[in-house]
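Asker: My questions will all concern the structure given below.
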Amino acid sequence: MNRARILYLCTAALLLPLLSSAQQVDLEHFRDMFGKGKPLKVNGGLSASTVFNSGSGGGRQPFSWFLNGSLNTNILGRINLPFSFNLTNSGAGYSYPTAPNRLSLHPSYKGVTAHIGDVAMSFSPYTLNGHQFTGVGLDIAPQQNWSISLMYGRLLRAVNYDSTNRSILPTYRRMGYGAKLALQQQNYALSLNFLRAKDVTDPMQYLPDTLHIYPKEDLAVSVTGMLRPAKGLEFTLEYANSAIKLDKRDNSGSTKAGSGNLLESVFMYDAQNTQYFKAIKAGMNYAFHKSVIGIGYERIDPGYQTLGAYYMNNDLENITVNLSQPLLHDKATISGNVGYQRDDLNHTKAGTTFRMVSAVNANYMPNEKWNANFSYSNFQTYTHIKPQFDYINQTNPYENMDTLNFKQISQSAGLTLTYMLKANKTKTHNINLNLSVQDAADIQNNVLWKGNGSRFYNTSTAYTLLLIPRQMSFTGAFNLSYNTIGRNEFLTLGPTFGVNTRLFDKKVTAGFTSSYNTSTSDGQQQGKVLNLRMNAAYMFMKKHNLNMNAVHQTRWTPRGTASNVTATVGYNYSF
């Protein structure tokens, strides 16, 4: 290797983090980057296509053409410099590499990985959860049974208030640091993590209090444990605390959000203007005789916040149960889960919402020819608006309907049947049947009003014949859709036929599809549609591709008949 090439490679390696937006470098094998393969690779492609439109369809140009090209330069297998352009009869455009506004470098060496620049890390959903920061991070895992993670950086940059542009949200500069220590064994695991974040105030930065944007400060801690006391049995538990100052300039007394806060009693018992929140998540899974049962519980205090997450669900309690059971000598499997959720844990809201979710899935395959699958899901939301004086003083049951109990129900069911008629080395025959039902309704005071419900019924059946030596397939199908929305009924049905094949030593693929459907509304004819579609593609010299697609559509409506033809011809070249 001559000196010029060595200088070129070293220069490219030094510029590596500056030219890439996210770079992973394994320092342990860093020398392997040099001397293997070409240091510079170029690839790209060129495509051209034309579109012809004719007929009574409006709003489309009768003729359009497109020319697109792309070029990518790869340096050392690590850096990509993409270029592209496009030309049409409507205009032109191009793009080229620009200096990235977010840079990151992730060097690693023997179980130690560093994160430098604009990166994101996750410790726990209740502390640091994917929040991007500008700084440094470190993951240390020399062994599989324990690991350490550290981070320090800027979570938010300062944005000044601009009275002329209200769409820009001003923010304080937010700094944070955190750590996570985890121990993992075969029968137990334990981890502890925390995040400390606070906004930095600058006397030169002006944010009016009318915006209700105040400098915050937060300490979030989470403890996670796992235990396997017996074969197939596993317990998991996570307990998190968050102590947050919504305005760290205020030195008034502390605010309690509930009992059982570790931070309040141990770490921050004398903090001023601090709100304390807790979150609990527990689960149990037990596997026995190929069966699995699981129970989960989660509770998050109202107002729970952490400055290490962009969004945080709070004021909720979740209970979930799941079960999976094989049957009939493992030829059938049934699984189901039920979930319950409620809010207003402190009984301070004007209304309370309960949600119930359940799902069942069953699969049965008695032999290689038959396969059946059934699924059902149910979602219910119950809202109780606490009565006020208007409700107390009403003179008939139809006043103030929005203050009564309100329930939303949505459920769906689906059935899929597949039967293999015949299968050998020359041909296969199979039949497929799909049925699905979706139902939604609104119930007020246990009364289902006529206009508040909807149902969707969909069914389709298909027959497929595959001629293996000839590389040809035939498909015939029939589809039906019946919907009721409020007081209206809609029906759409029709057949479909298609054939696909490969010709000339599999270099040419061609296909033809025809479909016809008719639709009615409340028994009145709304329209008929006939579609004829053809497509073909030819691959030659491994890098060149010619393709064609044509569609003829005819519509019959009470207003008249309309037809149009759309044809596309294209060429693609890649190198």
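Every chain in the structure tokens takes a letter, A first, then B, and so on in the order presented; its residues are numbered from 1, and the ligands are numbered from 1 following the presented order.
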Need the shell around Tyr516 (chain A): protein/DNA/RNA residues with any atom at most 12 Å away, counting only C-alpha atoms. Skip same-chain ones fewer than 3 positions apart. Format as a list in words?

Answerer: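 Residues near the query, excluding close chain neighbours: Ala477, Phe478, Asn479, Leu480, Thr492, Leu493, Gly494, Pro495, Thr496, Phe497, Thr513, Ser519, Gly527, Lys528, Val529, Leu530, Asn531, Leu532, Arg533, His552, Gln553, Thr554, Arg555 and Trp556 of chain A.
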
Asker: So that I have them on file, write out the residues from the current selection with C-alpha atoms, as a CSV table (one decimal), in the first residue's frame.

Answerer:
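The result, stored in selection22.csv:
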chain,number,residue,atom,x,y,z
A,477,ALA,CA,-62.6,-15.1,-6.4
A,478,PHE,CA,-65.9,-13.6,-5.3
A,479,ASN,CA,-66.1,-10.7,-2.8
A,480,LEU,CA,-69.1,-9.4,-0.9
A,492,THR,CA,-71.1,-4.3,-2.8
A,493,LEU,CA,-70.3,-7.6,-4.6
A,494,GLY,CA,-68.6,-9.0,-7.6
A,495,PRO,CA,-66.2,-11.6,-9.1
A,496,THR,CA,-62.5,-11.4,-9.9
A,497,PHE,CA,-60.4,-13.5,-12.2
A,513,THR,CA,-56.8,-9.5,-14.0
A,519,SER,CA,-73.1,-1.5,-5.4
A,527,GLY,CA,-73.2,1.9,-9.9
A,528,LYS,CA,-71.3,-0.9,-11.6
A,529,VAL,CA,-67.5,-1.0,-12.3
A,530,LEU,CA,-65.6,-3.2,-14.8
A,531,ASN,CA,-61.8,-3.3,-14.5
A,532,LEU,CA,-59.4,-4.9,-17.0
A,533,ARG,CA,-55.7,-4.8,-16.0
A,552,HIS,CA,-59.2,-0.1,-18.7
A,553,GLN,CA,-62.1,0.9,-16.4
A,554,THR,CA,-65.7,1.4,-17.2
A,555,ARG,CA,-68.2,2.9,-14.8
A,556,TRP,CA,-72.0,2.8,-15.0

Asker: So which residues of region 29-194 of chain A fall under strand (DSSP E or B) by DSSP, listed as a ChimeraX atom specification?

Answerer: /A:40-55,63-75,79-88,91-95,104-109,112-122,128-143,146-156,159,171,173-184,188-194

Asker: Calculated over only C-alpha atoms, which of the candidates A:Leu40, A:Leu207, A:Leu328, A:Ile148 has the smallest distance to Leu192 (chain A)?

Answerer: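 Among the listed residues, the smallest separation from Leu192 (chain A) belongs to A:Ile148.
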
Asker: Leaving out region 300-304 of chain A and any residue of its chain fewer than 6 positions from it, which residues lie within 8 Å of it when counting only C-alpha atoms, given as a VMD selection string?

Answerer: chain A and resid 242 257 277 to 280 312 to 317 344 to 346

Asker: List the neighbours of Gly44 (chain A) out to 12 Å using only C-alpha atoms; skip same-chain residues closer than 4 positions along the sequence, and give me the result as JSON, numbers by chain.

Answerer: {"A": [68, 69, 70, 71, 72, 73, 74, 80, 81, 82, 83, 84, 85, 543, 572, 573, 574, 575]}
